[in-house]
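K.L.:
Sharing a structure, written as C-alpha cells. Questions coming.
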Amino acid sequence: MHIVLDNTAMAAAGQGNVLASRLIHRAHAQAGWFLYAPTCALVEADRARPGTAEHLAALPGITVLDLDLPAALAVARHKTWAAAHCQYAAQPTPDRPNGAIIATTAPDRWIGDPVRVLDLTP
C-alpha cells in the first residue's frame with residue numbers, strides 16, 4: 001500500500017489524529033506499507049503547525065520526497081505547491097505501478113483531480 005500524506009494529513013498527525021497515527025504505525029511496522037511526505041506539502045504542514053516537518057521527517061516509516069526536476073515542472077503548472085506535489089507523487093511510477101492514494105483530512109479539496117483519496121477525518 002502506497003500512501004501520500006497531504007499537508008492536512010501531516011498537520012493532523014501532529015495534532016494526534018488517530019487515523020493518521022495508525023497509518024504511520026503501519027508504515028513502520030508492517031511490510032508492504034509505504035508513506036510518502038512530498039516536500040512542498042511538508043512545508044505547508046509546518047507553516048500551519050510549526051514543528052510538524054521535523055517530527056514527520058524523524059519518523060522511520062515516512063519517506064520524504066524531494067522536489068526534483070520532474071516534480072518541480074509538475075508543480076509549476078498548478079496554483080498550490082503542496083497539492084501539486086502530492087498529486088505528482090500519487091501518479092504511477094516504476095516503483096508504484098498503481099500509483100498511490102492521497103491521505104487527507106480535506107477530501108473535498110481533491111474532487112475533480114485524478115487521484116484516489118483516503119479520508120482521515122475522524
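Chains: A, B, ... in order of the C-alpha cells. Residues: from 1 per chain. Ligands: from 1, in order shown.
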At a cut-off of 6 Å, using only C-alpha atoms, what residues contact Leu5 (chain A)? Leave out same-chain residues fewer than 4 positions from it and give the result as a ChimeraX atom specification.
P.N.:
/A:9,37,102-103
K.L.:
I'd like to know which residues of region 17-121 of chain A are helix (DSSP H, G or I) (by DSSP, run on the backbone); could you write them as a count of residues only?
P.N.:
51
K.L.:
Could you pull out the residues in chain A that DSSP calls strand (DSSP E) from the backbone, as a PDB file with N, CA, C and O atoms, in the first residue's frame?
P.N.:
ATOM      1  N   HIS A   2       0.725   2.082  -0.974  1.00  0.00           N
ATOM      2  CA  HIS A   2       1.485   3.320  -1.107  1.00  0.00           C
ATOM      3  C   HIS A   2       0.551   4.493  -0.844  1.00  0.00           C
ATOM      4  O   HIS A   2      -0.474   4.630  -1.508  1.00  0.00           O
ATOM      5  N   ILE A   3       0.925   5.307   0.140  1.00  0.00           N
ATOM      6  CA  ILE A   3       0.077   6.423   0.549  1.00  0.00           C
ATOM      7  C   ILE A   3       0.901   7.701   0.628  1.00  0.00           C
ATOM      8  O   ILE A   3       1.976   7.721   1.222  1.00  0.00           O
ATOM      9  N   VAL A   4       0.362   8.753   0.020  1.00  0.00           N
ATOM     10  CA  VAL A   4       0.969  10.077   0.075  1.00  0.00           C
ATOM     11  C   VAL A   4       0.188  10.894   1.105  1.00  0.00           C
ATOM     12  O   VAL A   4      -1.036  11.000   1.028  1.00  0.00           O
ATOM     13  N   LEU A   5       0.896  11.459   2.066  1.00  0.00           N
ATOM     14  CA  LEU A   5       0.258  12.335   3.055  1.00  0.00           C
ATOM     15  C   LEU A   5       0.213  13.747   2.493  1.00  0.00           C
ATOM     16  O   LEU A   5       1.241  14.289   2.093  1.00  0.00           O
ATOM     17  N   PHE A  34       3.822   1.837   2.694  1.00  0.00           N
ATOM     18  CA  PHE A  34       4.763   2.922   2.453  1.00  0.00           C
ATOM     19  C   PHE A  34       4.040   4.259   2.551  1.00  0.00           C
ATOM     20  O   PHE A  34       2.989   4.434   1.945  1.00  0.00           O
ATOM     21  N   LEU A  35       4.624   5.181   3.310  1.00  0.00           N
ATOM     22  CA  LEU A  35       4.077   6.540   3.441  1.00  0.00           C
ATOM     23  C   LEU A  35       5.077   7.532   2.869  1.00  0.00           C
ATOM     24  O   LEU A  35       6.272   7.443   3.143  1.00  0.00           O
ATOM     25  N   TYR A  36       4.552   8.478   2.090  1.00  0.00           N
ATOM     26  CA  TYR A  36       5.383   9.477   1.453  1.00  0.00           C
ATOM     27  C   TYR A  36       4.949  10.869   1.890  1.00  0.00           C
ATOM     28  O   TYR A  36       3.759  11.157   1.966  1.00  0.00           O
ATOM     29  N   ALA A  37       5.940  11.719   2.137  1.00  0.00           N
ATOM     30  CA  ALA A  37       5.688  13.111   2.504  1.00  0.00           C
ATOM     31  C   ALA A  37       6.340  13.995   1.451  1.00  0.00           C
ATOM     32  O   ALA A  37       7.555  14.201   1.478  1.00  0.00           O
ATOM     33  N   PRO A  38       5.573  14.493   0.481  1.00  0.00           N
ATOM     34  CA  PRO A  38       6.142  15.406  -0.506  1.00  0.00           C
ATOM     35  C   PRO A  38       6.661  16.677   0.171  1.00  0.00           C
ATOM     36  O   PRO A  38       5.997  17.237   1.046  1.00  0.00           O
ATOM     37  N   ILE A  62       8.295   7.042   7.264  1.00  0.00           N
ATOM     38  CA  ILE A  62       7.901   8.047   6.275  1.00  0.00           C
ATOM     39  C   ILE A  62       9.092   8.396   5.377  1.00  0.00           C
ATOM     40  O   ILE A  62      10.183   8.665   5.858  1.00  0.00           O
ATOM     41  N   THR A  63       8.840   8.386   4.080  1.00  0.00           N
ATOM     42  CA  THR A  63       9.852   8.778   3.109  1.00  0.00           C
ATOM     43  C   THR A  63       9.530  10.185   2.629  1.00  0.00           C
ATOM     44  O   THR A  63       8.442  10.425   2.103  1.00  0.00           O
ATOM     45  N   VAL A  64      10.464  11.102   2.821  1.00  0.00           N
ATOM     46  CA  VAL A  64      10.289  12.471   2.357  1.00  0.00           C
ATOM     47  C   VAL A  64      10.692  12.508   0.883  1.00  0.00           C
ATOM     48  O   VAL A  64      11.785  12.074   0.516  1.00  0.00           O
ATOM     49  N   LEU A  65       9.780  12.995   0.040  1.00  0.00           N
ATOM     50  CA  LEU A  65      10.031  13.067  -1.401  1.00  0.00           C
ATOM     51  C   LEU A  65      10.582  14.428  -1.772  1.00  0.00           C
ATOM     52  O   LEU A  65       9.954  15.456  -1.515  1.00  0.00           O
ATOM     53  N   ILE A 101      -2.292   6.433  -3.017  1.00  0.00           N
ATOM     54  CA  ILE A 101      -3.511   7.053  -2.501  1.00  0.00           C
ATOM     55  C   ILE A 101      -3.102   8.286  -1.706  1.00  0.00           C
ATOM     56  O   ILE A 101      -2.108   8.260  -0.973  1.00  0.00           O
ATOM     57  N   ILE A 102      -3.859   9.365  -1.817  1.00  0.00           N
ATOM     58  CA  ILE A 102      -3.578  10.568  -1.036  1.00  0.00           C
ATOM     59  C   ILE A 102      -4.416  10.540   0.235  1.00  0.00           C
ATOM     60  O   ILE A 102      -5.645  10.502   0.178  1.00  0.00           O
ATOM     61  N   ALA A 103      -3.734  10.551   1.377  1.00  0.00           N
ATOM     62  CA  ALA A 103      -4.406  10.621   2.679  1.00  0.00           C
ATOM     63  C   ALA A 103      -4.583  12.094   3.031  1.00  0.00           C
ATOM     64  O   ALA A 103      -3.644  12.888   2.910  1.00  0.00           O
ATOM     65  N   THR A 104      -5.786  12.444   3.467  1.00  0.00           N
ATOM     66  CA  THR A 104      -6.113  13.854   3.714  1.00  0.00           C
ATOM     67  C   THR A 104      -7.214  13.997   4.750  1.00  0.00           C
ATOM     68  O   THR A 104      -7.994  13.070   4.959  1.00  0.00           O
ATOM     69  N   ARG A 116      -6.786   8.997  -6.128  1.00  0.00           N
ATOM     70  CA  ARG A 116      -7.581   8.253  -5.151  1.00  0.00           C
ATOM     71  C   ARG A 116      -7.320   8.884  -3.785  1.00  0.00           C
ATOM     72  O   ARG A 116      -6.212   9.289  -3.483  1.00  0.00           O
ATOM     73  N   VAL A 117      -8.364   8.955  -2.974  1.00  0.00           N
ATOM     74  CA  VAL A 117      -8.284   9.674  -1.697  1.00  0.00           C
ATOM     75  C   VAL A 117      -8.666   8.763  -0.541  1.00  0.00           C
ATOM     76  O   VAL A 117      -9.618   7.976  -0.645  1.00  0.00           O
ATOM     77  N   LEU A 118      -7.928   8.894   0.551  1.00  0.00           N
ATOM     78  CA  LEU A 118      -8.243   8.231   1.813  1.00  0.00           C
ATOM     79  C   LEU A 118      -8.580   9.326   2.812  1.00  0.00           C
ATOM     80  O   LEU A 118      -7.716  10.133   3.178  1.00  0.00           O
ATOM     81  N   ASP A 119      -9.840   9.369   3.239  1.00  0.00           N
ATOM     82  CA  ASP A 119     -10.317  10.407   4.161  1.00  0.00           C
ATOM     83  C   ASP A 119      -9.901  10.058   5.580  1.00  0.00           C
ATOM     84  O   ASP A 119     -10.302   9.027   6.115  1.00  0.00           O
TER      85      ASP A 119
END
K.L.:
Counting only C-alpha atoms, which residue out of A:Trp33, A:Arg22, A:Ala48, A:Ala53 sits closest to Ala100 (chain A)?
P.N.:
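Closest candidate: A:Trp33.
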K.L.:
Env of Val75 (chain A): 12 Å cut, atoms = only C-alpha atoms, seq-sep filter 2 positions within chain, self excluded. Answer as a short mmCIF file (atom, residue, chain, number, x, y, z; two decimals) with all heavy atoms, in the first residue's frame.
P.N.:
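around.cif written:
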data_model
loop_
_atom_site.label_atom_id
_atom_site.label_comp_id
_atom_site.auth_asym_id
_atom_site.auth_seq_id
_atom_site.Cartn_x
_atom_site.Cartn_y
_atom_site.Cartn_z
N PRO A 38 5.57 14.49 0.48
CA PRO A 38 6.14 15.41 -0.51
C PRO A 38 6.66 16.68 0.17
O PRO A 38 6.00 17.24 1.05
CB PRO A 38 4.97 15.72 -1.44
CG PRO A 38 4.01 14.58 -1.24
CD PRO A 38 4.16 14.19 0.20
N THR A 39 7.82 17.11 -0.22
CA THR A 39 8.47 18.26 0.41
C THR A 39 7.58 19.50 0.46
O THR A 39 7.50 20.16 1.50
CB THR A 39 9.79 18.59 -0.31
OG1 THR A 39 10.61 17.42 -0.30
CG2 THR A 39 10.52 19.73 0.35
N CYS A 40 6.91 19.80 -0.64
CA CYS A 40 6.07 21.02 -0.67
C CYS A 40 4.92 20.92 0.32
O CYS A 40 4.57 21.91 0.97
CB CYS A 40 5.55 21.27 -2.08
SG CYS A 40 6.84 21.69 -3.26
N ALA A 41 4.35 19.74 0.47
CA ALA A 41 3.27 19.55 1.44
C ALA A 41 3.82 19.62 2.86
O ALA A 41 3.16 20.11 3.78
CB ALA A 41 2.56 18.22 1.19
N LEU A 67 11.89 17.60 -4.08
CA LEU A 67 11.36 18.34 -5.21
C LEU A 67 12.43 18.29 -6.31
O LEU A 67 13.22 19.21 -6.46
CB LEU A 67 11.03 19.78 -4.82
CG LEU A 67 10.36 20.63 -5.89
CD1 LEU A 67 9.01 20.05 -6.27
CD2 LEU A 67 10.21 22.05 -5.41
N ASP A 68 12.44 17.17 -7.04
CA ASP A 68 13.38 17.03 -8.14
C ASP A 68 12.86 17.75 -9.37
O ASP A 68 11.78 18.35 -9.34
CB ASP A 68 13.67 15.55 -8.43
CG ASP A 68 12.42 14.76 -8.78
OD1 ASP A 68 11.33 15.35 -8.98
OD2 ASP A 68 12.52 13.53 -8.86
N LEU A 69 13.61 17.72 -10.47
CA LEU A 69 13.21 18.47 -11.65
C LEU A 69 11.85 18.06 -12.20
O LEU A 69 11.01 18.93 -12.45
CB LEU A 69 14.28 18.37 -12.75
CG LEU A 69 13.96 19.13 -14.04
CD1 LEU A 69 13.73 20.62 -13.77
CD2 LEU A 69 15.05 18.91 -15.05
N PRO A 70 11.55 16.76 -12.39
CA PRO A 70 10.21 16.41 -12.89
C PRO A 70 9.08 16.88 -11.96
O PRO A 70 8.05 17.35 -12.42
CB PRO A 70 10.24 14.88 -13.00
CG PRO A 70 11.68 14.53 -13.10
CD PRO A 70 12.41 15.58 -12.29
N ALA A 71 9.31 16.78 -10.66
CA ALA A 71 8.29 17.25 -9.70
C ALA A 71 8.15 18.77 -9.79
O ALA A 71 7.04 19.30 -9.76
CB ALA A 71 8.66 16.83 -8.28
N ALA A 72 9.27 19.47 -9.90
CA ALA A 72 9.22 20.94 -10.00
C ALA A 72 8.46 21.38 -11.24
O ALA A 72 7.68 22.34 -11.19
CB ALA A 72 10.64 21.51 -10.00
N LEU A 73 8.67 20.70 -12.35
CA LEU A 73 7.95 21.05 -13.57
C LEU A 73 6.45 20.80 -13.42
O LEU A 73 5.64 21.59 -13.89
CB LEU A 73 8.51 20.26 -14.75
CG LEU A 73 9.96 20.61 -15.13
CD1 LEU A 73 10.46 19.66 -16.21
CD2 LEU A 73 10.09 22.05 -15.55
N ARG A 77 2.99 24.00 -12.89
CA ARG A 77 1.76 24.12 -13.68
C ARG A 77 0.51 24.31 -12.82
O ARG A 77 -0.58 24.45 -13.34
CB ARG A 77 1.58 22.87 -14.55
CG ARG A 77 2.65 22.73 -15.59
CD ARG A 77 2.36 21.54 -16.50
NE ARG A 77 3.59 21.15 -17.15
CZ ARG A 77 4.24 20.02 -16.92
NH1 ARG A 77 3.77 19.15 -16.08
NH2 ARG A 77 5.36 19.75 -17.55
N HIS A 78 0.65 24.27 -11.51
CA HIS A 78 -0.51 24.34 -10.61
C HIS A 78 -0.44 25.58 -9.74
O HIS A 78 0.60 26.21 -9.59
CB HIS A 78 -0.56 23.09 -9.73
CG HIS A 78 -0.88 21.86 -10.49
ND1 HIS A 78 0.06 21.14 -11.19
CD2 HIS A 78 -2.04 21.20 -10.66
CE1 HIS A 78 -0.50 20.10 -11.76
NE2 HIS A 78 -1.78 20.11 -11.46
N LYS A 79 -1.57 25.89 -9.12
CA LYS A 79 -1.65 27.08 -8.26
C LYS A 79 -1.03 26.86 -6.89
O LYS A 79 -0.39 27.75 -6.34
CB LYS A 79 -3.11 27.50 -8.10
CG LYS A 79 -3.71 28.04 -9.37
CD LYS A 79 -5.14 28.46 -9.16
CE LYS A 79 -5.73 28.94 -10.47
NZ LYS A 79 -7.12 29.28 -10.35
N THR A 80 -1.24 25.69 -6.30
CA THR A 80 -0.71 25.43 -4.96
C THR A 80 0.37 24.36 -5.03
O THR A 80 0.19 23.31 -5.63
CB THR A 80 -1.81 24.97 -4.00
OG1 THR A 80 -2.35 23.74 -4.46
CG2 THR A 80 -2.92 26.01 -3.89
N TRP A 81 1.49 24.65 -4.42
CA TRP A 81 2.62 23.74 -4.47
C TRP A 81 2.35 22.44 -3.72
O TRP A 81 2.71 21.37 -4.18
CB TRP A 81 3.84 24.42 -3.89
CG TRP A 81 4.44 25.47 -4.74
CD1 TRP A 81 3.80 26.28 -5.63
CD2 TRP A 81 5.81 25.84 -4.79
NE1 TRP A 81 4.70 27.13 -6.22
CE2 TRP A 81 5.93 26.89 -5.73
CE3 TRP A 81 6.94 25.40 -4.12
CZ2 TRP A 81 7.15 27.48 -6.01
CZ3 TRP A 81 8.15 25.99 -4.40
CH2 TRP A 81 8.26 27.02 -5.34
N ALA A 82 1.75 22.54 -2.55
CA ALA A 82 1.52 21.35 -1.73
C ALA A 82 0.63 20.34 -2.46
O ALA A 82 0.98 19.16 -2.58
CB ALA A 82 0.91 21.74 -0.39
N ALA A 83 -0.50 20.79 -2.95
CA ALA A 83 -1.42 19.88 -3.64
C ALA A 83 -0.79 19.35 -4.93
O ALA A 83 -0.93 18.17 -5.25
CB ALA A 83 -2.74 20.60 -3.95
N ALA A 84 -0.09 20.20 -5.65
CA ALA A 84 0.55 19.77 -6.90
C ALA A 84 1.60 18.71 -6.65
O ALA A 84 1.69 17.72 -7.38
CB ALA A 84 1.15 20.97 -7.61
N HIS A 85 2.41 18.88 -5.61
CA HIS A 85 3.45 17.90 -5.31
C HIS A 85 2.82 16.58 -4.85
O HIS A 85 3.31 15.50 -5.20
CB HIS A 85 4.43 18.44 -4.28
CG HIS A 85 5.76 17.75 -4.29
ND1 HIS A 85 6.73 18.05 -3.38
CD2 HIS A 85 6.27 16.77 -5.07
CE1 HIS A 85 7.79 17.29 -3.60
NE2 HIS A 85 7.52 16.51 -4.63
N CYS A 86 1.75 16.65 -4.09
CA CYS A 86 1.03 15.43 -3.67
C CYS A 86 0.45 14.70 -4.87
O CYS A 86 0.57 13.48 -4.99
CB CYS A 86 -0.08 15.76 -2.68
SG CYS A 86 0.50 16.27 -1.07
N GLN A 87 -0.20 15.46 -5.75
CA GLN A 87 -0.80 14.85 -6.94
C GLN A 87 0.29 14.20 -7.81
O GLN A 87 0.12 13.09 -8.30
CB GLN A 87 -1.57 15.88 -7.74
CG GLN A 87 -2.28 15.29 -8.94
CD GLN A 87 -3.12 16.31 -9.68
OE1 GLN A 87 -3.34 17.42 -9.19
NE2 GLN A 87 -3.60 15.95 -10.84
N TYR A 88 1.41 14.88 -7.98
CA TYR A 88 2.53 14.33 -8.74
C TYR A 88 3.04 13.04 -8.09
O TYR A 88 3.27 12.04 -8.77
CB TYR A 88 3.66 15.36 -8.85
CG TYR A 88 4.89 14.80 -9.49
CD1 TYR A 88 4.97 14.68 -10.88
CD2 TYR A 88 5.97 14.38 -8.73
CE1 TYR A 88 6.09 14.15 -11.48
CE2 TYR A 88 7.10 13.85 -9.32
CZ TYR A 88 7.16 13.73 -10.69
OH TYR A 88 8.28 13.19 -11.28
N ALA A 89 3.18 13.07 -6.76
CA ALA A 89 3.70 11.90 -6.04
C ALA A 89 2.75 10.71 -6.10
O ALA A 89 3.19 9.56 -5.98
CB ALA A 89 3.97 12.28 -4.58
#
K.L.:
Contacts of Gly99 (chain A) at 8 Å or less, counting only C-alpha atoms, minus same-chain residues fewer than 3 places along, as a list in words?
P.N.:
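What passes the distance filter is His2, Ala90, Gln91, Pro92, Thr93 and Arg96 of chain A.
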K.L.:
Counting only C-alpha atoms, which residue out of A:His55, A:Ala45, A:Asp6, A:Gly61 sits closest to Ala27 (chain A)?
P.N.:
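Of A:His55, A:Ala45, A:Asp6, A:Gly61, the one nearest Ala27 (chain A) is A:Gly61, counting only C-alpha atoms.
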K.L.:
Restricting the calculation to only C-alpha atoms: of A:Thr8, A:Leu23, A:His28, A:Ala13, which residue gets closest to Glu44 (chain A)?
P.N.:
A:Thr8
K.L.:
Please list as an mmCIF file with C-alpha atoms, in the first residue's frame every residue within 9 Å of Gly14 (chain A), counting only C-alpha atoms and excluding residues in the same chain fewer than 4 positions away.
P.N.:
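Ended up saving to result13.cif:
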data_model
loop_
_atom_site.group_PDB
_atom_site.id
_atom_site.type_symbol
_atom_site.label_atom_id
_atom_site.label_comp_id
_atom_site.auth_asym_id
_atom_site.auth_seq_id
_atom_site.Cartn_x
_atom_site.Cartn_y
_atom_site.Cartn_z
ATOM 1 C CA ALA A 9 -2.914 14.826 6.970
ATOM 2 C CA MET A 10 0.565 15.799 8.157
ATOM 3 C CA ALA A 20 -3.032 9.333 10.658
ATOM 4 C CA SER A 21 -1.192 7.774 13.595
ATOM 5 C CA ARG A 49 1.619 23.715 12.657
ATOM 6 C CA GLY A 51 7.406 21.593 14.280
ATOM 7 C CA THR A 52 5.459 19.209 12.041
ATOM 8 C CA HIS A 55 8.580 15.489 13.676
ATOM 9 C CA LEU A 56 7.480 13.706 10.496
#
